[in-house]
Each structure stands twice: as C-alpha cells, then as structure tokens.
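Structure first, then comments.
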Amino acid sequence: MTETKPILFDWNDTNLEHTAKHGVTPSEIEFVLNNNPMIRPDPYPPEIEQRWRGIGPNMAGDMLFIVFMVKDDTDTLTLRPISARRMHKREVKKYEG
C-alpha cells in the first residue's frame with residue numbers, strides 16, 4: 001500500500017501578493033492543488049528551478065491555472081505557489097479537449 005504524504009503550502013509575502021493581483025485567494029489555490037488537478041511540467045528553465053503547472057476547478061467551479069514548485073521531504077510534500085489566475089474560456093475549452 002502506498003502512503004500519501006501530507007501536503008503543506010509555503011506562503012510568503014511575494015506569492016501572496018502576486019496571486020492577489022490576479023484575484024485568486026490562497027484557499028482557492030490550496031483547494032485546486034488538493035483535488036487532483038491536471039499537472040504538467042512548466043517550461044521555465046529546469047536548470048534554474050523545476051516548476052509545475054496545475055489546472056483545475058476552484059470551489060465555485062472556475063478553472064484556475066497555477067504555477068508552483070514542489071519540495072518533497074521525507075515526511076511531507078511542500079508546494080510553493082508562484083502564480084495563479086482564472087483561465088479564459090478559450091483556454092478552458094482547449095484543456096477540456
């Protein structure tokens with residue numbers, strides 16, 4: 001049986017301010033990332049830092065696009081959101097495929 005690690009979120013003034021500029025709250029981001037979003041690598045240069053993209057609905061059903069980093073420790077999985085925004089209708093159609 002595979003044991004699931006607890007997920008923690010790393011919030012700081014920078015990522016809180018950046019996501020707030022896009023009108024997205026920490027609770028929305030945490031909800032999406034805790035509820036099986038579609039995850040893909042972000043094209044940001046991995047030699048600088050590995051980033052990921054998460055796409056999924058928030059509590060109200062609005063689709064969010066989230067860029068985040070992962071720190072996989074022994075006992076926990078820590079996610080540091082970098083940016084988040086609501087997706088445009090055109091993008092939602094593309095990802096719903």
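Residues in the structure tokens are numbered from 1 in each chain, the chains being A, B, ... in the order shown, and ligands are numbered from 1 in the order shown.
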Write out as a PyMOL selection string each polymer residue whose atoms come within 10 Å of segment 42-54 of chain A, counting only C-alpha atoms; drop sequence neighbours fewer than 5 positions from it. chain A and resi 29+32-33+36-37+64-71+79-84
Write the selection just made, keeping N, CA and C atoms, as an mmCIF file, in the first residue's frame?
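For reference, out-v1.cif as written:
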data_model
loop_
_atom_site.group_PDB
_atom_site.id
_atom_site.type_symbol
_atom_site.label_atom_id
_atom_site.label_comp_id
_atom_site.auth_asym_id
_atom_site.auth_seq_id
_atom_site.Cartn_x
_atom_site.Cartn_y
_atom_site.Cartn_z
ATOM 1 N N ILE A 29 -6.362 28.290 -4.326
ATOM 2 C CA ILE A 29 -5.191 27.567 -4.828
ATOM 3 C C ILE A 29 -5.019 26.248 -4.092
ATOM 4 N N VAL A 32 -7.650 23.704 -5.263
ATOM 5 C CA VAL A 32 -7.348 23.106 -6.567
ATOM 6 C C VAL A 32 -6.230 22.080 -6.443
ATOM 7 N N LEU A 33 -5.139 22.460 -5.773
ATOM 8 C CA LEU A 33 -3.987 21.557 -5.696
ATOM 9 C C LEU A 33 -4.228 20.345 -4.805
ATOM 10 N N ASN A 36 -6.856 16.789 -7.089
ATOM 11 C CA ASN A 36 -6.487 16.105 -8.335
ATOM 12 C C ASN A 36 -6.489 16.992 -9.577
ATOM 13 N N PRO A 37 -5.715 18.081 -9.555
ATOM 14 C CA PRO A 37 -5.643 18.908 -10.758
ATOM 15 C C PRO A 37 -4.851 18.193 -11.851
ATOM 16 N N LEU A 64 -8.782 27.317 -12.659
ATOM 17 C CA LEU A 64 -7.589 28.076 -12.318
ATOM 18 C C LEU A 64 -6.366 27.462 -12.983
ATOM 19 N N PHE A 65 -5.431 28.329 -13.323
ATOM 20 C CA PHE A 65 -4.125 27.957 -13.863
ATOM 21 C C PHE A 65 -3.109 28.367 -12.805
ATOM 22 N N ILE A 66 -2.354 27.395 -12.275
ATOM 23 C CA ILE A 66 -1.450 27.646 -11.147
ATOM 24 C C ILE A 66 -0.049 27.173 -11.521
ATOM 25 N N VAL A 67 0.951 28.006 -11.236
ATOM 26 C CA VAL A 67 2.348 27.611 -11.380
ATOM 27 C C VAL A 67 2.902 27.469 -9.970
ATOM 28 N N PHE A 68 3.599 26.353 -9.716
ATOM 29 C CA PHE A 68 4.089 26.104 -8.365
ATOM 30 C C PHE A 68 5.362 25.275 -8.393
ATOM 31 N N MET A 69 6.043 25.254 -7.244
ATOM 32 C CA MET A 69 7.232 24.422 -7.055
ATOM 33 C C MET A 69 6.910 23.352 -6.022
ATOM 34 N N VAL A 70 7.668 22.264 -6.063
ATOM 35 C CA VAL A 70 7.461 21.146 -5.145
ATOM 36 C C VAL A 70 8.748 20.873 -4.384
ATOM 37 N N LYS A 71 8.617 20.711 -3.084
ATOM 38 C CA LYS A 71 9.733 20.247 -2.255
ATOM 39 C C LYS A 71 9.250 18.958 -1.599
ATOM 40 N N LEU A 79 4.263 22.474 -1.274
ATOM 41 C CA LEU A 79 4.006 23.159 -2.534
ATOM 42 C C LEU A 79 4.125 24.659 -2.302
ATOM 43 N N ARG A 80 4.905 25.326 -3.160
ATOM 44 C CA ARG A 80 5.027 26.777 -3.073
ATOM 45 C C ARG A 80 4.417 27.380 -4.323
ATOM 46 N N PRO A 81 3.196 27.905 -4.217
ATOM 47 C CA PRO A 81 2.583 28.565 -5.367
ATOM 48 C C PRO A 81 3.419 29.772 -5.784
ATOM 49 N N ILE A 82 3.557 29.956 -7.078
ATOM 50 C CA ILE A 82 4.291 31.086 -7.620
ATOM 51 C C ILE A 82 3.323 32.083 -8.244
ATOM 52 N N SER A 83 2.366 31.568 -9.002
ATOM 53 C CA SER A 83 1.403 32.413 -9.687
ATOM 54 C C SER A 83 0.109 31.635 -9.882
ATOM 55 N N ALA A 84 -0.983 32.355 -9.976
ATOM 56 C CA ALA A 84 -2.275 31.721 -10.241
ATOM 57 C C ALA A 84 -3.215 32.753 -10.858
#
All alpha helix (DSSP H) residues (DSSP, backbone) inside segment 28-89 of chain A, as a tab-separated table (two decimals) with N, CA and C atoms, in the first residue's frame:
chain	number	residue	atom	x	y	z
A	28	GLU	N	-8.39	29.17	-2.58
A	28	GLU	CA	-8.72	28.64	-3.91
A	28	GLU	C	-7.59	27.78	-4.45
A	29	ILE	N	-6.36	28.29	-4.33
A	29	ILE	CA	-5.19	27.57	-4.83
A	29	ILE	C	-5.02	26.25	-4.09
A	30	GLU	N	-5.13	26.28	-2.78
A	30	GLU	CA	-4.99	25.05	-1.99
A	30	GLU	C	-6.08	24.05	-2.35
A	31	PHE	N	-7.29	24.54	-2.56
A	31	PHE	CA	-8.39	23.65	-2.94
A	31	PHE	C	-8.07	22.93	-4.25
A	32	VAL	N	-7.65	23.70	-5.26
A	32	VAL	CA	-7.35	23.11	-6.57
A	32	VAL	C	-6.23	22.08	-6.44
A	33	LEU	N	-5.14	22.46	-5.77
A	33	LEU	CA	-3.99	21.56	-5.70
A	33	LEU	C	-4.23	20.35	-4.81
A	89	LYS	N	-12.07	31.50	-21.20
A	89	LYS	CA	-12.95	30.47	-21.78
A	89	LYS	C	-12.26	29.67	-22.88
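Excluding Gly23 of chain A and any residue on its chain fewer than 6 positions from it, the residues at most 10 Å away by only C-alpha atoms are Glu17, Ala84, Arg85 and Arg86 of chain A.
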I'd like to know which residues of chain A are strand (DSSP E) (by DSSP, run on the backbone); could you write them as a PDB file with C-alpha atoms, in the first residue's frame?
ATOM      1  CA  ILE A   7       0.637  18.400   1.671  1.00  0.00           C
ATOM      2  CA  LEU A   8       1.837  21.685   3.132  1.00  0.00           C
ATOM      3  CA  PHE A   9       1.765  25.062   1.401  1.00  0.00           C
ATOM      4  CA  MET A  38      -4.138  18.205 -14.151  1.00  0.00           C
ATOM      5  CA  ILE A  39      -0.373  18.579 -13.551  1.00  0.00           C
ATOM      6  CA  ARG A  40       2.219  19.251 -16.249  1.00  0.00           C
ATOM      7  CA  PRO A  41       5.837  20.466 -16.167  1.00  0.00           C
ATOM      8  CA  TRP A  52       4.896  22.720 -12.421  1.00  0.00           C
ATOM      9  CA  ARG A  53       1.506  23.784 -13.789  1.00  0.00           C
ATOM     10  CA  GLY A  54      -1.724  22.755 -12.137  1.00  0.00           C
ATOM     11  CA  ILE A  55      -5.127  23.217 -13.753  1.00  0.00           C
ATOM     12  CA  GLY A  56      -8.427  22.547 -12.061  1.00  0.00           C
ATOM     13  CA  PRO A  57     -11.676  23.993 -10.734  1.00  0.00           C
ATOM     14  CA  MET A  63     -10.927  26.905 -13.711  1.00  0.00           C
ATOM     15  CA  LEU A  64      -7.589  28.076 -12.318  1.00  0.00           C
ATOM     16  CA  PHE A  65      -4.125  27.957 -13.863  1.00  0.00           C
ATOM     17  CA  ILE A  66      -1.450  27.646 -11.147  1.00  0.00           C
ATOM     18  CA  VAL A  67       2.348  27.611 -11.380  1.00  0.00           C
ATOM     19  CA  PHE A  68       4.089  26.104  -8.365  1.00  0.00           C
ATOM     20  CA  MET A  69       7.232  24.422  -7.055  1.00  0.00           C
ATOM     21  CA  VAL A  70       7.461  21.146  -5.145  1.00  0.00           C
ATOM     22  CA  LYS A  71       9.733  20.247  -2.255  1.00  0.00           C
ATOM     23  CA  ASP A  72       9.471  16.541  -1.480  1.00  0.00           C
ATOM     24  CA  LEU A  77       5.166  17.343   0.306  1.00  0.00           C
ATOM     25  CA  THR A  78       5.501  21.140   0.313  1.00  0.00           C
ATOM     26  CA  LEU A  79       4.006  23.159  -2.534  1.00  0.00           C
ATOM     27  CA  ARG A  80       5.027  26.777  -3.073  1.00  0.00           C
ATOM     28  CA  PRO A  81       2.583  28.565  -5.367  1.00  0.00           C
ATOM     29  CA  ILE A  82       4.291  31.086  -7.620  1.00  0.00           C
ATOM     30  CA  SER A  83       1.403  32.413  -9.687  1.00  0.00           C
ATOM     31  CA  ALA A  84      -2.275  31.721 -10.241  1.00  0.00           C
ATOM     32  CA  ARG A  85      -5.075  33.126 -12.352  1.00  0.00           C
ATOM     33  CA  ARG A  86      -8.519  32.300 -13.645  1.00  0.00           C
TER      34      ARG A  86
END
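The coordinates place atom CA of Asp62 of chain A at 13.3 Å from atom CA of Tyr95 of chain A.
Across A:Asp75, A:Glu96, A:Pro26, A:Met87, the tightest approach to Asp13 of chain A is made by A:Pro26 when counting only C-alpha atoms.
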